[in-house]
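All remarks here apply to the structure that follows.
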Amino acid sequence: MSDKQIIVEGITKRFGALPVVEGVGFDVRDGEFVAIVGPSGCGKSTLLNIIAGFERPDRGTVTIDGVRRTGPSRNGIMISQHGSVFPWLTVQENLMFGLSGTSQADNTELADRYIAMVGLAGFETAYPHELSGGMLKRVELARALVVKPEILYMDEPFSALDALMSLRMQNELRRILDEERHTVLLITHDVEEAIFLADRVLVLSPRPTAIQATFHVDLPHPRKLSSPQAQSLREAILKELGL
Amino acid sequence: MDGKLARIVPPVLVIALLIALWWFIVARSDSPIFPTPWQVVTGAWELVEDGTLAQHIGASVFRVAIGFGLAFLVAIPLGLWMGWVSGAYYTLNPLFQMLRPISPIAWIPVAILWFGVGNMSPIFLIFISSVFPMIVQTTVGVRTIDRRYLRAAANFGVSRSVLFRRVVFPAVLPEIIVGMRIGIGVAWLVVVAAEMIALNSGLGYLIMDSRNAGNRYDLVIASMIIIGVIGLLLDGATRLLERQKTVKWRYVR
């Protein structure tokens, strides 16, 4: 197997007469964290939905681990802005939803370990409507991680949170990724979030979207956004976005 | 504690005031037919003592239980199917939308023709009246399930049966409960109306019989109040379902 886990080639998608994605192609290495930034409404989410298998492109292919992508799969879990934690299940039941294990006891134990990992120990039997927005995000993250996917697709995962909670979640995510190596594709409009988390930042053009520029973030973790390198990178990316 | 008191005291006061007003007006007008509240109480007590009130209540509740139960058994699977399978929806929905606005009262002659004047007629009418709201509510519930939940389920690659049991059904359950509340409310309205026309037992019959047998308006009013109270209890019972933790999410926001 090559070290290219995700190969995106010539993705084109239009909604009716409206072209949304125009020939996007890139590769993601195993264990790499790629952030995709772009102006709002540029088709970022559509692109990610195609890569994750929820939508089909008009043209182009997505290949994951050497297999052509035809639909969603549990080896790549999507975490989106609005969240999809099932409100009728408890925190623990949500985590166990995706586990098709043989033994109920093993599943419970595994679920509880991930609940603890995202800092929600003690909330196993709580229902989602009893939790705050930040806690819900943790549940969603834990539910994705517990099935041990190789890839995480994140579509503006923290943008519905307040600024402080968003920063806290970025730190949490970074900590978890140090423990368990996942390949991550992150859509965001927050340039600082992208620099803080990603190994590589792709800047998309306005609709119909294509890759306009690529930046490598060669800074060790934990990163300081106030460092001169991070600041100049931020300015370069913002310039690409027309700011 | 304050909040609870504030929710109990004002409505009780309003009802007490209304009874006082009723009593005052009847006493002043010297009406030979319209009863005072006290006459209603004593009249109702007679029926309690000779056991007929319990029989009438039992007859009405029995009919509602059977008619509503049958409607529930038909409506929930049918609604789930129509919500999930587009072909079923487009085929059956127009028919149900057309049948739904027909007042159950309009079915009375048909019911008498088909089922005579026994218990089957009102049970049929209750079935007809409560089945459509429950079908519609369930169908709409399935069709409006938030797509993100279905996507998440697809993402985890669960089987169709897990998808249905753990996602679709629980997602629709709050709508089903709303449908049940509507259904049971309509069923209770209809049983009284049906009994007024076609039967010789039940609370509806008690009202008509009391009037025909010597203008016993004390019993008419007593029946009306009992019908109201039982209706309230039925609604309260379905409201208890809304408190279940697995459906609360739908109502708290």
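Each chain in the structure tokens gets a letter, A, B and so on, in the order shown; residues start at 1 in every chain, and ligands are counted from 1 in the order they appear.
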
Inset, instruction - Output the contact residues of chain B with respect to chain A at a cut-off of 12 Å, based on only C-alpha atoms, as number ranges by chain. - result: B: 145-159, 162-163, 165-174, 244-253

Just-selected residues, N, CA and C atoms written as a short mmCIF file (atom, residue, chain, number, x, y, z; two decimals), in the first residue's frame:
```cif
data_model
loop_
_atom_site.label_atom_id
_atom_site.label_comp_id
_atom_site.auth_asym_id
_atom_site.auth_seq_id
_atom_site.Cartn_x
_atom_site.Cartn_y
_atom_site.Cartn_z
N ILE B 145 -37.51 13.29 9.91
CA ILE B 145 -36.35 12.95 10.74
C ILE B 145 -35.14 13.73 10.23
N ASP B 146 -34.45 14.35 11.15
CA ASP B 146 -33.29 15.15 10.78
C ASP B 146 -32.28 14.28 10.04
N ARG B 147 -31.87 14.75 8.86
CA ARG B 147 -31.03 13.92 8.01
C ARG B 147 -29.69 13.59 8.66
N ARG B 148 -29.25 14.49 9.56
CA ARG B 148 -27.93 14.23 10.16
C ARG B 148 -27.93 12.94 10.98
N TYR B 149 -29.08 12.57 11.55
CA TYR B 149 -29.12 11.33 12.33
C TYR B 149 -29.05 10.12 11.41
N LEU B 150 -29.74 10.21 10.28
CA LEU B 150 -29.69 9.10 9.32
C LEU B 150 -28.29 8.95 8.75
N ARG B 151 -27.66 10.10 8.51
CA ARG B 151 -26.29 10.08 8.00
C ARG B 151 -25.35 9.44 8.99
N ALA B 152 -25.51 9.83 10.26
CA ALA B 152 -24.63 9.27 11.29
C ALA B 152 -24.79 7.75 11.32
N ALA B 153 -26.05 7.30 11.26
CA ALA B 153 -26.30 5.86 11.29
C ALA B 153 -25.65 5.19 10.08
N ALA B 154 -25.78 5.82 8.91
CA ALA B 154 -25.17 5.26 7.70
C ALA B 154 -23.65 5.23 7.86
N ASN B 155 -23.11 6.27 8.49
CA ASN B 155 -21.67 6.36 8.68
C ASN B 155 -21.14 5.18 9.50
N PHE B 156 -21.90 4.79 10.52
CA PHE B 156 -21.45 3.68 11.37
C PHE B 156 -21.78 2.33 10.74
N GLY B 157 -22.44 2.37 9.58
CA GLY B 157 -22.66 1.14 8.83
C GLY B 157 -23.53 0.13 9.55
N VAL B 158 -24.57 0.60 10.26
CA VAL B 158 -25.42 -0.35 10.98
C VAL B 158 -26.40 -1.03 10.02
N SER B 159 -26.92 -2.17 10.45
CA SER B 159 -27.86 -2.91 9.61
C SER B 159 -29.19 -2.17 9.55
N VAL B 162 -31.17 -2.42 12.81
CA VAL B 162 -30.67 -1.52 13.86
C VAL B 162 -31.06 -0.08 13.53
N LEU B 163 -30.93 0.29 12.26
CA LEU B 163 -31.30 1.63 11.83
C LEU B 163 -32.74 1.93 12.21
N ARG B 165 -34.73 0.24 14.49
CA ARG B 165 -35.02 0.13 15.92
C ARG B 165 -34.38 1.24 16.74
N ARG B 166 -33.14 1.60 16.38
CA ARG B 166 -32.41 2.52 17.25
C ARG B 166 -32.38 3.95 16.74
N VAL B 167 -32.77 4.19 15.48
CA VAL B 167 -32.75 5.55 14.97
C VAL B 167 -34.15 6.00 14.53
N VAL B 168 -34.71 5.31 13.56
CA VAL B 168 -35.97 5.78 12.99
C VAL B 168 -37.08 5.76 14.04
N PHE B 169 -37.28 4.63 14.68
CA PHE B 169 -38.39 4.54 15.63
C PHE B 169 -38.25 5.52 16.79
N PRO B 170 -37.10 5.55 17.47
CA PRO B 170 -36.99 6.53 18.57
C PRO B 170 -37.08 7.98 18.09
N ALA B 171 -36.63 8.25 16.86
CA ALA B 171 -36.72 9.63 16.36
C ALA B 171 -38.17 10.02 16.15
N VAL B 172 -39.02 9.05 15.79
CA VAL B 172 -40.42 9.34 15.49
C VAL B 172 -41.30 9.26 16.73
N LEU B 173 -40.81 8.58 17.76
CA LEU B 173 -41.64 8.34 18.95
C LEU B 173 -42.33 9.60 19.49
N PRO B 174 -41.62 10.73 19.59
CA PRO B 174 -42.32 11.93 20.07
C PRO B 174 -43.52 12.31 19.20
N GLN B 244 -41.24 10.74 29.40
CA GLN B 244 -40.21 9.71 29.31
C GLN B 244 -38.90 10.33 28.86
N LYS B 245 -37.81 9.89 29.44
CA LYS B 245 -36.51 10.50 29.14
C LYS B 245 -36.12 10.35 27.67
N THR B 246 -36.57 9.24 27.05
CA THR B 246 -36.14 9.02 25.67
C THR B 246 -36.89 9.90 24.67
N VAL B 247 -37.96 10.57 25.10
CA VAL B 247 -38.65 11.44 24.15
C VAL B 247 -38.59 12.90 24.57
N LYS B 248 -38.10 13.15 25.76
CA LYS B 248 -38.11 14.50 26.32
C LYS B 248 -37.38 15.51 25.44
N TRP B 249 -36.32 15.05 24.79
CA TRP B 249 -35.51 15.94 23.94
C TRP B 249 -36.36 16.72 22.94
N ARG B 250 -37.45 16.09 22.49
CA ARG B 250 -38.27 16.70 21.46
C ARG B 250 -39.11 17.86 22.00
N TYR B 251 -39.39 17.79 23.28
CA TYR B 251 -40.31 18.79 23.84
C TYR B 251 -39.61 19.87 24.65
N VAL B 252 -38.36 19.62 25.08
CA VAL B 252 -37.72 20.60 25.97
C VAL B 252 -37.23 21.83 25.25
N ARG B 253 -36.97 21.73 23.94
CA ARG B 253 -36.45 22.89 23.25
C ARG B 253 -37.50 23.63 22.48
#
```

Legend entry - Shell of 12 Å around Leu173 (chain A), only C-alpha atoms, local chain residues under 2 positions omitted, as a ChimeraX atom specification: /A:33,117-119,137-138,140-142,145,152,154,157-158,166-171,175-182,184,186,193,196-198,222

Inset, instruction - Can you check which residues of region 108-228 of chain B DSSP gives as helix (DSSP H, G or I) on the backbone and send them as a PyMOL selection string? - result: chain B and resi 108-115+120-143+147-155+160-198+203-212+217-228

Inset, instruction - Identify which of the residues B:Ala106, B:Ile184, B:Met82, B:Ala54 lies closest to Val131 (chain B), counting only C-alpha atoms when measuring atom-to-atom distances. - result: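 Comparing B:Ala106, B:Ile184, B:Met82, B:Ala54 against Val131 (chain B), the winner is B:Ile184.
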
Legend entry - Residues near Met196 (chain B), cut-off 9 Å, only C-alpha atoms, skip fewer than 5 positions along chain, as a VMD selection string: chain B and resid 191 202 to 209

Write a file of the just-selected residues containing N, CA and C atoms, as a PDB file, in the first residue's frame.
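What ended up in selection35.pdb:
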```pdb
ATOM      1  N   VAL B 191     -67.025   9.257  20.844  1.00  0.00           N
ATOM      2  CA  VAL B 191     -67.794   8.223  21.525  1.00  0.00           C
ATOM      3  C   VAL B 191     -69.062   8.828  22.133  1.00  0.00           C
ATOM      4  N   GLY B 202     -73.622   4.255  27.983  1.00  0.00           N
ATOM      5  CA  GLY B 202     -72.531   5.206  27.795  1.00  0.00           C
ATOM      6  C   GLY B 202     -72.934   6.602  28.223  1.00  0.00           C
ATOM      7  N   LEU B 203     -71.944   7.469  28.355  1.00  0.00           N
ATOM      8  CA  LEU B 203     -72.196   8.813  28.871  1.00  0.00           C
ATOM      9  C   LEU B 203     -73.011   9.661  27.899  1.00  0.00           C
ATOM     10  N   GLY B 204     -72.799   9.443  26.597  1.00  0.00           N
ATOM     11  CA  GLY B 204     -73.592  10.171  25.598  1.00  0.00           C
ATOM     12  C   GLY B 204     -75.056   9.773  25.702  1.00  0.00           C
ATOM     13  N   TYR B 205     -75.264   8.488  25.852  1.00  0.00           N
ATOM     14  CA  TYR B 205     -76.636   7.994  26.020  1.00  0.00           C
ATOM     15  C   TYR B 205     -77.259   8.562  27.292  1.00  0.00           C
ATOM     16  N   LEU B 206     -76.463   8.619  28.349  1.00  0.00           N
ATOM     17  CA  LEU B 206     -76.960   9.136  29.632  1.00  0.00           C
ATOM     18  C   LEU B 206     -77.482  10.563  29.470  1.00  0.00           C
ATOM     19  N   ILE B 207     -76.777  11.362  28.693  1.00  0.00           N
ATOM     20  CA  ILE B 207     -77.218  12.749  28.475  1.00  0.00           C
ATOM     21  C   ILE B 207     -78.578  12.779  27.783  1.00  0.00           C
ATOM     22  N   MET B 208     -78.690  12.053  26.669  1.00  0.00           N
ATOM     23  CA  MET B 208     -79.945  12.082  25.912  1.00  0.00           C
ATOM     24  C   MET B 208     -81.079  11.478  26.717  1.00  0.00           C
ATOM     25  N   ASP B 209     -80.772  10.380  27.421  1.00  0.00           N
ATOM     26  CA  ASP B 209     -81.799   9.694  28.194  1.00  0.00           C
ATOM     27  C   ASP B 209     -82.303  10.574  29.337  1.00  0.00           C
TER      28      ASP B 209
END
```

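Reported to one decimal place, the separation of CA of Gly118 (chain B) from CA of Gly214 (chain B) is 25.3 Å.
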
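For Gln92 (chain A), the residues within 10 Å (counting only C-alpha atoms, excluding itself and residues fewer than 6 positions away along the chain) are A:Asn107, A:Thr108, A:Glu109, A:Leu110, A:Ala111, A:Asp112, A:Tyr114, A:Ile115, A:Phe123, A:Glu124, A:Thr125, A:Ala126, A:Tyr127, A:Val139, A:Ala142, A:Arg143.
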
Using only N, CA and C atoms, please write the residues we just selected to a file, as an mmCIF file, in the first residue's frame.
```cif
data_model
loop_
_atom_site.group_PDB
_atom_site.id
_atom_site.type_symbol
_atom_site.label_atom_id
_atom_site.label_comp_id
_atom_site.auth_asym_id
_atom_site.auth_seq_id
_atom_site.Cartn_x
_atom_site.Cartn_y
_atom_site.Cartn_z
ATOM 1 N N ASN A 107 -18.036 -3.881 25.147
ATOM 2 C CA ASN A 107 -18.466 -2.628 24.547
ATOM 3 C C ASN A 107 -18.662 -1.545 25.593
ATOM 4 N N THR A 108 -19.299 -1.919 26.691
ATOM 5 C CA THR A 108 -19.532 -0.954 27.762
ATOM 6 C C THR A 108 -18.209 -0.418 28.285
ATOM 7 N N GLU A 109 -17.282 -1.338 28.465
ATOM 8 C CA GLU A 109 -15.979 -0.943 29.002
ATOM 9 C C GLU A 109 -15.260 -0.003 28.044
ATOM 10 N N LEU A 110 -15.318 -0.354 26.758
ATOM 11 C CA LEU A 110 -14.675 0.466 25.732
ATOM 12 C C LEU A 110 -15.316 1.852 25.683
ATOM 13 N N ALA A 111 -16.640 1.873 25.696
ATOM 14 C CA ALA A 111 -17.370 3.147 25.668
ATOM 15 C C ALA A 111 -16.963 4.008 26.854
ATOM 16 N N ASP A 112 -16.943 3.411 28.019
ATOM 17 C CA ASP A 112 -16.610 4.181 29.220
ATOM 18 C C ASP A 112 -15.178 4.713 29.174
ATOM 19 N N TYR A 114 -13.590 5.694 26.475
ATOM 20 C CA TYR A 114 -13.571 6.877 25.603
ATOM 21 C C TYR A 114 -14.336 8.046 26.210
ATOM 22 N N ILE A 115 -15.371 7.737 26.980
ATOM 23 C CA ILE A 115 -16.088 8.801 27.681
ATOM 24 C C ILE A 115 -15.127 9.495 28.649
ATOM 25 N N PHE A 123 -20.823 11.098 33.342
ATOM 26 C CA PHE A 123 -21.996 11.491 32.543
ATOM 27 C C PHE A 123 -22.469 10.342 31.651
ATOM 28 N N GLU A 124 -22.058 9.122 31.970
ATOM 29 C CA GLU A 124 -22.375 7.981 31.108
ATOM 30 C C GLU A 124 -23.877 7.840 30.868
ATOM 31 N N THR A 125 -24.667 8.049 31.915
ATOM 32 C CA THR A 125 -26.106 7.807 31.781
ATOM 33 C C THR A 125 -26.887 9.088 31.536
ATOM 34 N N ALA A 126 -26.179 10.203 31.287
ATOM 35 C CA ALA A 126 -26.882 11.465 31.019
ATOM 36 C C ALA A 126 -27.439 11.446 29.595
ATOM 37 N N TYR A 127 -28.546 12.160 29.397
ATOM 38 C CA TYR A 127 -29.091 12.316 28.046
ATOM 39 C C TYR A 127 -28.523 13.595 27.428
ATOM 40 N N VAL A 139 -18.974 14.281 23.299
ATOM 41 C CA VAL A 139 -19.665 13.008 23.078
ATOM 42 C C VAL A 139 -19.508 12.593 21.617
ATOM 43 N N ALA A 142 -16.039 11.412 20.961
ATOM 44 C CA ALA A 142 -15.809 10.089 21.562
ATOM 45 C C ALA A 142 -16.532 9.002 20.768
ATOM 46 N N ARG A 143 -17.752 9.322 20.295
ATOM 47 C CA ARG A 143 -18.511 8.331 19.545
ATOM 48 C C ARG A 143 -17.811 7.994 18.231
#
```

Legend entry - Point-to-point distance in Å for CA of Arg211 (chain B) and CA of Val26 (chain B):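 Interatomic distance, CA of Val26 (chain B) to CA of Arg211 (chain B): 18.3 Å.
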
Inset, instruction - Determine which residues of region 7-207 of chain A DSSP labels as strand (DSSP E or B) from the backbone of this structure, then write them out as number ranges by chain. - result: A: 7-15, 18-29, 33-37, 59-64, 67-68, 76-80, 151-155, 183-188, 200-204

Inset, instruction - Could you jot down the CA of Gln5 (chain A) to CA of Gly31 (chain A) separation for me, Å, one decimal place? - result: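 Computing the Euclidean distance for CA of Gln5 (chain A) and CA of Gly31 (chain A) yields 8.5 Å.
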
Inset, instruction - Would you please work out which residue, of B:Ser60, B:Ser130, B:Thr139, B:Asn212, is nearest to Val192 (chain B) when using only C-alpha atoms? - result: B:Ser60

Legend entry - Spatial neighbours of region 9-21 of chain B, max dist 10 Å, only C-alpha atoms, sep filter under 6 positions, as a VMD selection string: chain B and resid 27 36 to 38

Using the selection just defined, write its residues with C-alpha atoms as a short mmCIF file (atom, residue, chain, number, x, y, z; two decimals), in the first residue's frame.
```cif
data_model
loop_
_atom_site.label_atom_id
_atom_site.label_comp_id
_atom_site.auth_asym_id
_atom_site.auth_seq_id
_atom_site.Cartn_x
_atom_site.Cartn_y
_atom_site.Cartn_z
CA ALA B 27 -81.22 31.00 42.20
CA THR B 36 -78.16 24.55 40.65
CA PRO B 37 -74.67 23.12 41.21
CA TRP B 38 -75.91 21.39 44.34
#
```

What's the 10 Å shell around Val190 (chain B), counting only C-alpha atoms, without same-chain residues fewer than 5 positions away, as a compact mmCIF listing (two decimals) with C-alpha atoms, in the first residue's frame?
```
# COMPACT_ATOMS: atom_id res chain seq x y z
CA VAL B 64 -62.70 4.12 23.36
CA SER B 103 -66.24 14.36 10.31
CA PRO B 104 -66.60 11.06 12.16
CA ILE B 105 -70.23 12.07 12.77
CA PRO B 122 -69.12 3.32 18.07
CA ILE B 123 -65.93 1.26 18.06
CA LEU B 125 -66.44 5.38 14.57
CA ILE B 126 -63.70 5.79 17.15
CA PHE B 127 -61.36 3.79 14.97
CA ILE B 128 -62.15 5.99 11.95
CA SER B 129 -61.74 9.20 13.90
CA SER B 130 -58.43 8.40 15.60
CA ILE B 184 -57.47 9.91 22.01
CA GLY B 185 -58.93 13.42 22.22
CA GLU B 195 -73.74 7.19 21.96
CA MET B 196 -76.20 10.08 21.78
CA GLY B 204 -73.59 10.17 25.60
```

Legend entry - For Thr63 (chain A): contacts at 7 Å, only C-alpha atoms, fewer than 5 positions along chain excluded, given as a PyMOL selection string: chain A and resi 6-8+68-69

Would you write out those residues with N, CA and C atoms, as a compact mmCIF listing (two decimals), in the first residue's frame?
```txt
# COMPACT_ATOMS: atom_id res chain seq x y z
N ILE A 6 -5.71 8.81 1.27
CA ILE A 6 -6.85 9.36 0.54
C ILE A 6 -6.33 9.99 -0.74
N ILE A 7 -6.89 9.56 -1.85
CA ILE A 7 -6.53 10.16 -3.13
C ILE A 7 -7.78 10.75 -3.75
N VAL A 8 -7.79 12.07 -3.89
CA VAL A 8 -8.93 12.76 -4.47
C VAL A 8 -8.51 13.24 -5.85
N ARG A 68 -11.88 2.34 -4.30
CA ARG A 68 -12.69 3.45 -4.77
C ARG A 68 -13.90 3.65 -3.87
N ARG A 69 -14.10 4.90 -3.45
CA ARG A 69 -15.17 5.24 -2.50
C ARG A 69 -16.53 5.27 -3.21
```

Inset, instruction - Would you please work out which residue, of A:Ile36, A:Cys42, A:Ile151, A:Val21, is nearest to Pro206 (chain A) when using only C-alpha atoms? - result: A:Cys42
